[in-house]
$ cat work32.cif   # mmCIF, C-alpha atoms and all ligand atoms
data_my_file
#
loop_
_atom_site.label_atom_id
_atom_site.label_comp_id
_atom_site.auth_asym_id
_atom_site.auth_seq_id
_atom_site.Cartn_x
_atom_site.Cartn_y
_atom_site.Cartn_z
CA MET A 64 43.32 10.84 -35.11
CA SER A 65 45.00 7.52 -34.75
CA LEU A 66 43.57 4.55 -32.87
CA SER A 67 47.03 3.95 -31.61
CA THR A 68 47.09 7.10 -29.40
CA PHE A 69 44.70 8.86 -26.94
CA PRO A 70 43.91 12.11 -28.85
CA PHE A 71 42.85 14.26 -25.84
CA MET A 72 46.21 14.13 -24.13
CA THR A 73 48.77 16.87 -24.64
CA ARG A 74 51.53 14.42 -25.22
CA SER A 75 51.30 11.25 -27.15
CA TYR A 76 51.07 7.86 -25.39
CA PRO A 77 51.59 5.17 -27.99
CA MET A 78 49.27 2.24 -27.28
CA ASN A 79 51.14 -0.95 -26.87
CA ARG A 80 49.72 -4.32 -25.82
CA SER A 81 50.07 -3.71 -22.05
CA ARG A 82 48.31 -0.31 -22.24
CA TRP A 83 45.42 -1.79 -24.22
CA PHE A 84 45.15 -4.56 -21.63
CA ALA A 85 45.13 -1.98 -18.79
CA ALA A 86 42.45 0.11 -20.53
CA LEU A 87 40.23 -2.94 -21.14
CA THR A 88 40.63 -4.03 -17.50
CA VAL A 89 39.47 -0.60 -16.27
CA LEU A 90 36.42 -0.75 -18.59
CA MET A 91 35.50 -4.25 -17.39
CA VAL A 92 35.75 -3.22 -13.72
CA LEU A 93 33.53 -0.21 -14.40
CA ALA A 94 30.91 -2.34 -16.20
CA LEU A 95 30.91 -4.90 -13.37
CA SER A 96 30.46 -2.15 -10.75
CA VAL A 97 27.49 -0.64 -12.59
CA SER A 98 25.71 -3.99 -13.04
CA THR A 99 26.34 -4.97 -9.38
CA PHE A 100 24.88 -1.65 -8.18
CA ALA A 101 21.79 -2.07 -10.38
CA PHE A 102 21.20 -5.63 -9.10
CA GLN A 103 21.55 -4.65 -5.43
CA ASN A 104 19.31 -1.64 -5.99
CA SER A 105 16.54 -3.80 -7.45
CA ARG A 106 16.80 -6.19 -4.45
CA ARG A 107 16.28 -3.22 -2.09
CA GLY A 108 13.09 -2.11 -3.74
CA GLY A 109 15.12 -0.11 -6.22
CA ILE A 110 12.61 -1.14 -8.86
CA ARG A 111 10.56 1.83 -7.65
CA GLU A 112 13.65 4.07 -7.85
CA GLY A 113 14.43 2.68 -11.27
CA ARG A 114 10.94 3.50 -12.49
CA ALA A 115 11.30 6.99 -11.06
CA ALA A 116 14.59 7.37 -12.90
CA ARG A 117 12.74 6.63 -16.15
CA GLY A 118 10.40 9.49 -15.44
CA GLU A 119 7.44 7.47 -14.11
CA ARG A 120 5.69 8.86 -11.05
CA VAL A 121 6.03 6.61 -8.01
CA MET A 122 4.32 7.07 -4.65
CA PRO A 123 6.76 6.98 -1.72
CA LYS A 124 6.26 4.19 0.83
CA HIS A 125 7.29 5.27 4.31
CA GLU A 126 8.69 2.82 6.84
CA ASN A 127 6.98 2.23 10.18
CA SER A 128 9.50 4.51 11.90
CA PHE A 129 7.76 7.38 10.09
CA TYR A 130 4.38 6.53 11.66
CA TYR A 131 5.15 5.71 15.28
CA LYS A 132 6.23 7.96 18.12
CA ALA A 133 9.06 7.18 20.52
CA ASP A 134 6.52 5.84 23.04
CA GLY A 135 5.23 3.35 20.45
CA SER A 136 1.92 5.08 19.79
CA PHE A 137 0.59 5.65 16.29
CA ASN A 138 1.19 9.19 14.99
CA GLU A 139 -2.05 10.15 13.22
CA GLU A 140 -0.50 13.37 11.93
CA ALA A 141 2.18 11.39 10.09
CA GLY A 142 -0.56 9.17 8.67
CA ARG A 143 -2.51 12.19 7.51
CA GLN A 144 0.61 13.58 5.83
CA ALA A 145 1.02 10.33 3.89
CA PHE A 146 -2.60 10.40 2.72
CA GLU A 147 -2.23 14.02 1.65
CA GLU A 148 0.69 12.76 -0.50
CA LEU A 149 -1.62 10.06 -1.91
CA PHE A 150 -4.32 12.60 -2.77
CA ARG A 151 -1.80 14.91 -4.45
CA PHE A 152 -0.20 12.02 -6.34
CA HIS A 153 -3.54 10.97 -7.81
CA ARG A 154 -4.93 14.51 -8.11
CA TYR A 155 -7.93 13.24 -6.12
CA SER A 156 -10.94 15.34 -6.99
CA LEU A 157 -12.43 15.11 -3.47
CA ALA A 158 -9.18 15.83 -1.62
CA LYS A 159 -10.25 19.20 -0.25
CA THR A 160 -13.74 17.94 0.65
CA VAL A 161 -12.30 15.00 2.54
CA LEU A 162 -9.39 16.76 4.23
CA ASP A 163 -11.54 19.68 5.34
CA ALA A 164 -14.42 17.48 6.49
CA ALA A 165 -15.30 18.14 10.06
CA PRO A 166 -17.47 15.76 12.09
CA ASN A 167 -21.12 16.09 11.02
CA SER A 168 -20.19 17.76 7.74
CA SER A 169 -21.08 14.69 5.69
CA LEU A 170 -24.39 12.85 5.57
CA ALA A 171 -22.99 10.13 7.78
CA GLY A 172 -21.62 12.64 10.26
CA ASP A 173 -18.16 11.32 9.58
CA LYS A 174 -14.73 12.84 8.95
CA LEU A 175 -11.52 11.41 7.53
CA TRP A 176 -10.30 8.71 9.90
CA ILE A 177 -6.91 7.04 9.86
CA LEU A 178 -6.42 3.62 11.48
CA ASP A 179 -3.62 1.17 12.14
CA PHE A 180 -6.26 -1.15 13.65
CA ASN A 181 -4.14 -1.49 16.80
CA LEU A 182 -1.73 -3.71 14.85
CA GLY A 183 1.39 -1.51 15.00
CA ASP A 184 2.37 -2.01 11.35
CA PHE A 185 0.83 0.99 9.60
CA SER A 186 3.31 1.01 6.74
CA ASN A 187 1.75 -2.32 5.70
CA VAL A 188 -1.55 -2.69 7.58
CA GLY A 189 -3.92 0.24 7.93
CA MET A 190 -6.10 2.59 5.97
CA ALA A 191 -7.86 5.93 5.90
CA GLY A 192 -11.47 6.39 4.98
CA ILE A 193 -14.59 8.41 5.24
CA PHE A 194 -18.22 7.32 5.44
CA PHE A 195 -20.05 9.71 3.12
CA VAL A 196 -23.35 8.11 3.99
CA ASN A 197 -24.52 5.23 6.21
CA ASP A 198 -28.30 5.05 6.16
CA LYS A 199 -29.74 2.46 8.52
CA GLU A 200 -33.37 3.16 7.68
CA HIS A 201 -32.98 2.57 3.94
CA GLY A 202 -29.99 0.27 4.24
CA TYR A 203 -27.33 1.88 2.06
CA PHE A 204 -23.79 3.06 2.56
CA GLY A 205 -21.19 5.11 0.66
CA HIS A 206 -17.57 4.86 1.69
CA GLU A 207 -14.22 5.93 0.27
CA ILE A 208 -11.22 3.73 1.12
CA TYR A 209 -7.67 5.13 0.98
CA LEU A 210 -4.64 2.86 0.96
CA LEU A 211 -0.94 3.73 0.77
CA PRO A 212 1.47 1.73 -1.44
CA TYR A 213 1.24 -2.00 -0.59
CA GLN A 214 -0.88 -1.22 2.46
CA MET A 215 -3.65 -3.68 3.37
CA ILE A 216 -6.85 -3.57 5.34
CA PRO A 217 -6.62 -6.40 7.89
CA GLU A 218 -8.69 -9.47 7.08
CA HIS A 219 -12.22 -9.15 8.43
CA TRP A 220 -15.83 -10.13 7.87
CA HIS A 221 -19.26 -8.72 8.62
CA VAL A 222 -22.07 -10.37 10.56
CA ALA A 223 -25.69 -9.42 11.13
CA ALA A 224 -25.99 -6.73 13.81
CA GLU A 225 -28.31 -3.97 14.98
CA ASP A 226 -31.27 -5.89 13.54
CA LYS A 227 -29.75 -5.65 10.05
CA PRO A 228 -28.34 -8.42 7.85
CA ALA A 229 -24.61 -8.86 7.37
CA LYS A 230 -23.14 -6.06 5.29
CA HIS A 231 -22.64 -6.71 1.60
CA GLU A 232 -20.06 -4.69 -0.33
CA VAL A 233 -18.93 -3.84 -3.86
CA TRP A 234 -15.64 -2.05 -4.55
CA GLN A 235 -14.65 0.15 -7.46
CA VAL A 236 -11.14 1.52 -7.95
CA ARG A 237 -10.94 5.27 -8.64
CA ASN A 238 -7.16 5.66 -8.62
CA GLY A 239 -4.22 3.29 -8.36
CA SER A 240 -4.93 -0.41 -8.04
CA VAL A 241 -5.72 -3.09 -5.45
CA TRP A 242 -5.60 -6.81 -5.01
CA CYS A 243 -8.84 -8.03 -3.44
CA PHE A 244 -8.56 -11.24 -1.44
CA ALA A 245 -11.46 -13.66 -0.98
CA GLU A 246 -11.76 -16.89 0.99
CA GLY A 247 -10.02 -19.86 -0.58
CA GLY A 248 -6.62 -20.75 -1.93
CA SER A 249 -3.51 -21.07 0.18
CA GLU A 250 -0.46 -19.06 1.19
CA ALA A 251 1.45 -20.65 -1.71
CA ASP A 252 -0.79 -18.71 -4.10
CA LEU A 253 0.92 -15.51 -2.99
CA ASP A 254 4.03 -16.58 -4.89
CA ALA A 255 2.22 -15.71 -8.13
CA LEU A 256 2.00 -12.07 -7.00
CA PRO A 257 4.75 -9.44 -6.79
CA VAL A 258 7.07 -10.17 -3.86
CA GLU A 259 6.09 -6.84 -2.26
CA VAL A 260 2.58 -8.24 -1.60
CA LYS A 261 3.76 -11.12 0.57
CA ASN A 262 6.38 -8.91 2.24
CA ALA A 263 3.68 -6.41 3.24
CA MET A 264 1.54 -9.23 4.70
CA LYS A 265 4.32 -10.54 6.94
CA SER A 266 2.93 -9.34 10.27
CA GLN A 267 -0.51 -10.80 9.47
CA LEU A 268 0.87 -14.08 8.11
CA ASP A 269 3.06 -14.42 11.21
CA ALA A 270 -0.05 -13.84 13.33
CA LYS A 271 -1.92 -16.48 11.27
CA ALA A 272 -4.52 -13.81 10.65
CA ILE A 273 -4.98 -14.42 6.91
CA THR A 274 -7.18 -17.15 5.48
CA ALA A 275 -8.40 -15.44 2.29
CA PHE A 276 -5.82 -16.11 -0.41
CA GLN A 277 -7.83 -15.86 -3.63
CA ALA A 278 -6.49 -12.66 -5.16
CA LYS A 279 -7.98 -10.58 -7.93
CA GLU A 280 -6.32 -7.39 -9.13
CA LEU A 281 -8.56 -4.39 -9.78
CA LYS A 282 -7.42 -1.36 -11.74
CA VAL A 283 -9.11 1.99 -12.32
CA GLY A 284 -12.81 1.46 -13.05
CA ASP A 285 -12.82 -2.25 -12.18
CA MET A 286 -15.50 -3.46 -9.75
CA LEU A 287 -15.79 -6.56 -7.59
CA PRO A 288 -18.45 -7.66 -5.11
CA LEU A 289 -17.82 -9.46 -1.84
CA SER A 290 -17.71 -13.20 -2.55
CA GLY A 291 -20.65 -13.78 -0.18
CA LEU A 292 -22.24 -12.66 3.07
CA ASP A 293 -20.17 -13.39 6.18
CA ARG A 294 -17.11 -14.18 3.99
CA LYS A 295 -13.65 -13.13 5.13
CA HIS A 296 -11.93 -10.60 2.90
CA PHE A 297 -9.41 -7.82 2.66
CA MET A 298 -7.63 -5.74 0.04
CA MET A 299 -4.11 -4.46 -0.49
CA ALA A 300 -3.09 -1.49 -2.61
CA GLY A 301 -0.70 -1.74 -5.52
CA PRO A 302 2.59 0.14 -5.87
CA ASN A 303 1.03 3.60 -6.03
CA GLY A 304 -1.65 3.15 -3.37
CA ALA A 305 -5.36 3.21 -4.09
CA ILE A 306 -8.54 5.21 -3.80
CA VAL A 307 -11.52 2.86 -3.78
CA THR A 308 -15.22 3.60 -3.62
CA GLU A 309 -17.27 1.10 -1.64
CA TYR A 310 -20.99 0.68 -2.26
CA ALA A 311 -22.61 -1.38 0.46
CA SER A 312 -25.59 -2.09 2.64
CA PHE A 313 -25.78 -0.57 6.13
CA HIS A 314 -22.51 -0.75 8.05
CA ALA A 315 -22.98 -1.79 11.68
CA ALA A 316 -19.80 -1.18 13.65
CA SER A 317 -20.69 -4.02 16.01
CA GLY A 318 -20.96 -6.42 13.04
CA LEU A 319 -17.30 -5.96 12.02
CA LYS A 320 -15.01 -8.86 13.04
CA PHE A 321 -11.24 -9.17 12.55
CA SER A 322 -9.26 -12.35 11.95
CA ASN A 323 -6.38 -10.94 14.01
CA PRO A 324 -7.45 -11.07 17.69
CA ASP A 325 -5.57 -7.81 18.30
CA GLY A 326 -7.39 -6.02 15.49
CA LYS A 327 -9.94 -3.36 16.34
CA VAL A 328 -11.24 -0.04 15.08
CA GLY A 329 -8.65 2.00 16.90
CA ASN A 330 -4.98 2.86 16.94
CA THR A 331 -1.88 1.59 18.71
CA GLU A 332 -1.45 3.36 22.01
CA ALA A 333 1.73 4.20 23.91
CA LYS A 334 3.45 1.23 25.50
CA LYS A 335 2.96 1.06 29.23
CA ALA A 336 6.12 1.35 31.33
CA GLU A 337 7.26 -2.08 32.61
FE FE B 1 -15.51 -5.37 4.56
#
$ encode --input "work32.cif" --output "structure tokens" --more "lines below"
Ligand SMILES: [Fe+2]
Amino acid sequence: MSLSTFPFMTRSYPMNRSRWFAALTVLMVLALSVSTFAFQNSRRGGIREGRAARGERVMPKHENSFYYKADGSFNEEAGRQAFEELFRFHRYSLAKTVLDAAPNSSLAGDKLWILDFNLGDFSNVGMAGIFFVNDKEHGYFGHEIYLLPYQMIPEHWHVAAEDKPAKHEVWQVRNGSVWCFAEGGSEADLDALPVEVKNAMKSQLDAKAITAFQAKELKVGDMLPLSGLDRKHFMMAGPNGAIVTEYASFHAASGLKFSNPDGKVGNTEAKKAE
């Protein structure tokens, strides 16, 4: 084989200067196209796709269009489907217990609930959970928190209610990871975190409903207590969502307060006709 000819062709094409130049030009155009595609892909969240291409498992993150009906109301069935994906992804040991739980089947009489907190941004702001136990007499509480990729619980705090002190909490990550946010810091501190974190907070930042900017990342097994009674706080899941166990004192629904004035324990309803 000679470097001066292309060996796979049936007839010989002697390589002169102009043919070498043409071949090099084609190769350079191809290389430029590949690098441009890779850059654009990473800007579109293609980092997740890139990781998947390397064989790493990545949880899908659905857009809001997946979770809301044509009338604007939150589609709980779509939310449930996403959390079933989360449970399968993490091979969650309690998946069947939680998904099959009917009201009154747990000690707290709870079942799996799925909330967008009436904020209309479930892809980024919402959660699912179940109260395994909430004992007012003895003052203890067991709760599992489920968060989809880069999904946050809206900022909130707990006050004394029902003749009980403000709820205190400790969180422990079972699967995935979270960033826990405590009072302090400023919005500029978010720049130290992956850009997806700030992007997912956009609706709450725009609503000026975030004041807790001190972030701490928790991975599997890590624990963190609430920074203090009555303190504002929230958490956001990492790229593959999170399953978090919460240990706490008695949870009084009437003692739960949201920083966003539209926030409530409920879901977005259909828009009323004008
Ligand atoms: Fe809380």
$ residues_around --input "work32.cif" --residues "segment 129-143 of chain A" --least-positions-apart "6" --cutoff "7 Å" --atoms "all atoms listed in the file" --output "list in words"
Ile177, Phe185, Asn330, Thr331, Glu332, Ala333 and Lys334 of chain A
$ closest_residue --input "work32.cif" --among "A:Lys335, A:His206, A:Arg237, A:Arg154" --to "ligand FE 1 (chain B)" --atoms "all atoms listed in the file"
A:His206
$ closest_residue --input "work32.cif" --among "A:Leu211, A:Leu157, A:Val328, A:Met298" --to "ligand FE 1 (chain B)" --atoms "all atoms listed in the file"
A:Met298
$ residues_around --input "work32.cif" --residues "segment 319-324 of chain A" --least-positions-apart "2" --cutoff "6 Å" --atoms "only C-alpha atoms" --output "count of residues only"
8
$ residues_around --input "work32.cif" --residues "segment 305-315 of chain A" --least-positions-apart "3" --cutoff "7 Å" --atoms "all atoms listed in the file" --output "ChimeraX atom specification"
/A:197-199,202-211,224-225,230-241,300-301,318
$ atom_distance --input "work32.cif" --atom1 "atom CA of Leu182 of chain A" --atom2 "atom CA of Trp242 of chain A"
20.5 Å
$ residues_around --input "work32.cif" --residues "segment 256-259 of chain A" --least-positions-apart "5" --cutoff "9 Å" --atoms "only C-alpha atoms" --output "list in words"
Gly108, Tyr213, Met264, Ala278 and Pro302 of chain A
$ axis_aligned_box --input "work32.cif" --around "segment 207-220 of chain A" --padding-each-side "5 Å" --output "lines of an AutoDock Vina configuration file"
center_x = -7.2
center_y = -2.1
center_z = 3.5
size_x = 27.3
size_y = 26.1
size_z = 19.9
$ atom_distance --input "work32.cif" --atom1 "atom CA of Leu170 of chain A" --atom2 "atom CA of Val196 of chain A"
5.1 Å
$ closest_residue --input "work32.cif" --among "A:Leu281, A:Val222, A:Leu93, A:Ala165" --to "ligand FE 1 (chain B)" --atoms "only C-alpha atoms and all ligand atoms"
A:Val222
$ atom_distance --input "work32.cif" --atom1 "atom CA of His153 of chain A" --atom2 "atom CA of Asn127 of chain A"
22.6 Å
$ closest_residue --input "work32.cif" --among "A:Ala171, A:Ala145, A:Val161, A:Met215" --to "Phe195 of chain A" --atoms "all atoms listed in the file"
A:Ala171
